[in-house]
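Chemist: Take this structure, written in structure tokens, and hold onto it; I'll ask about it next.
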Amino acid sequence: MQYLMTDLHQRFIGSLHYNKPLTVGDVFRADNTKSYTVVSINSTRNQSKDVKSVTVIPVREPVAAH
């Protein structure tokens, strides 16, 4: 499934091809090697059923302890 990723201000971050449907709360790693959490899914923005818009927030990577 193809997703268009936007931030909370609806600014385009990038696109994502994911093998399974995303749901709110899912965490995934994008092609830019950053991790994101899905906060909303909007399928009405695009008429195509194969492309959905997802609003995401970045996930902070844990800092390794020394």
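Simple scheme: letters A, B, ... for chains in structure tokens order, numbers from 1 for residues in each chain, numbers from 1 for ligands in the order shown.
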Considering only C-alpha atoms, return as a PyMOL selection string whatever protein or nucleic-acid residues lie within 12 Å of Arg60 in chain A, sequence-local ones (same chain, fewer than 6 positions apart) excluded.
Modeler: chain A and resi 27+29+33-37
Chemist: Might you pull out every residue within 6 Å of Val54 in chain A, with only C-alpha atoms counted and same-chain residues fewer than 5 positions away left off, and present them as a ChimeraX atom specification?
Modeler: /A:5,40-41
Chemist: Could the residues in this selection be written to a file with N, CA, C and O atoms, as a compact mmCIF listing (two decimals), in the first residue's frame?
Modeler:
# COMPACT_ATOMS: atom_id res chain seq x y z
N MET A 5 3.17 10.74 3.49
CA MET A 5 3.38 11.11 4.89
C MET A 5 3.41 12.63 5.04
O MET A 5 4.10 13.31 4.28
N SER A 40 -2.75 9.82 12.53
CA SER A 40 -4.05 9.80 11.86
C SER A 40 -3.88 9.30 10.42
O SER A 40 -2.81 9.40 9.84
N ILE A 41 -4.97 8.78 9.88
CA ILE A 41 -5.00 8.28 8.51
C ILE A 41 -6.18 8.93 7.81
O ILE A 41 -7.30 8.92 8.32
Chemist: Please indicate the distance in Å from CA of Asp7 in chain A to CA of Asp50 in chain A, rounded to one decimal place.
Modeler: 20.4 Å
Chemist: So how far away is CA of Leu8 in chain A from CA of Leu22 in chain A, in Å?
Modeler: 17.1 Å
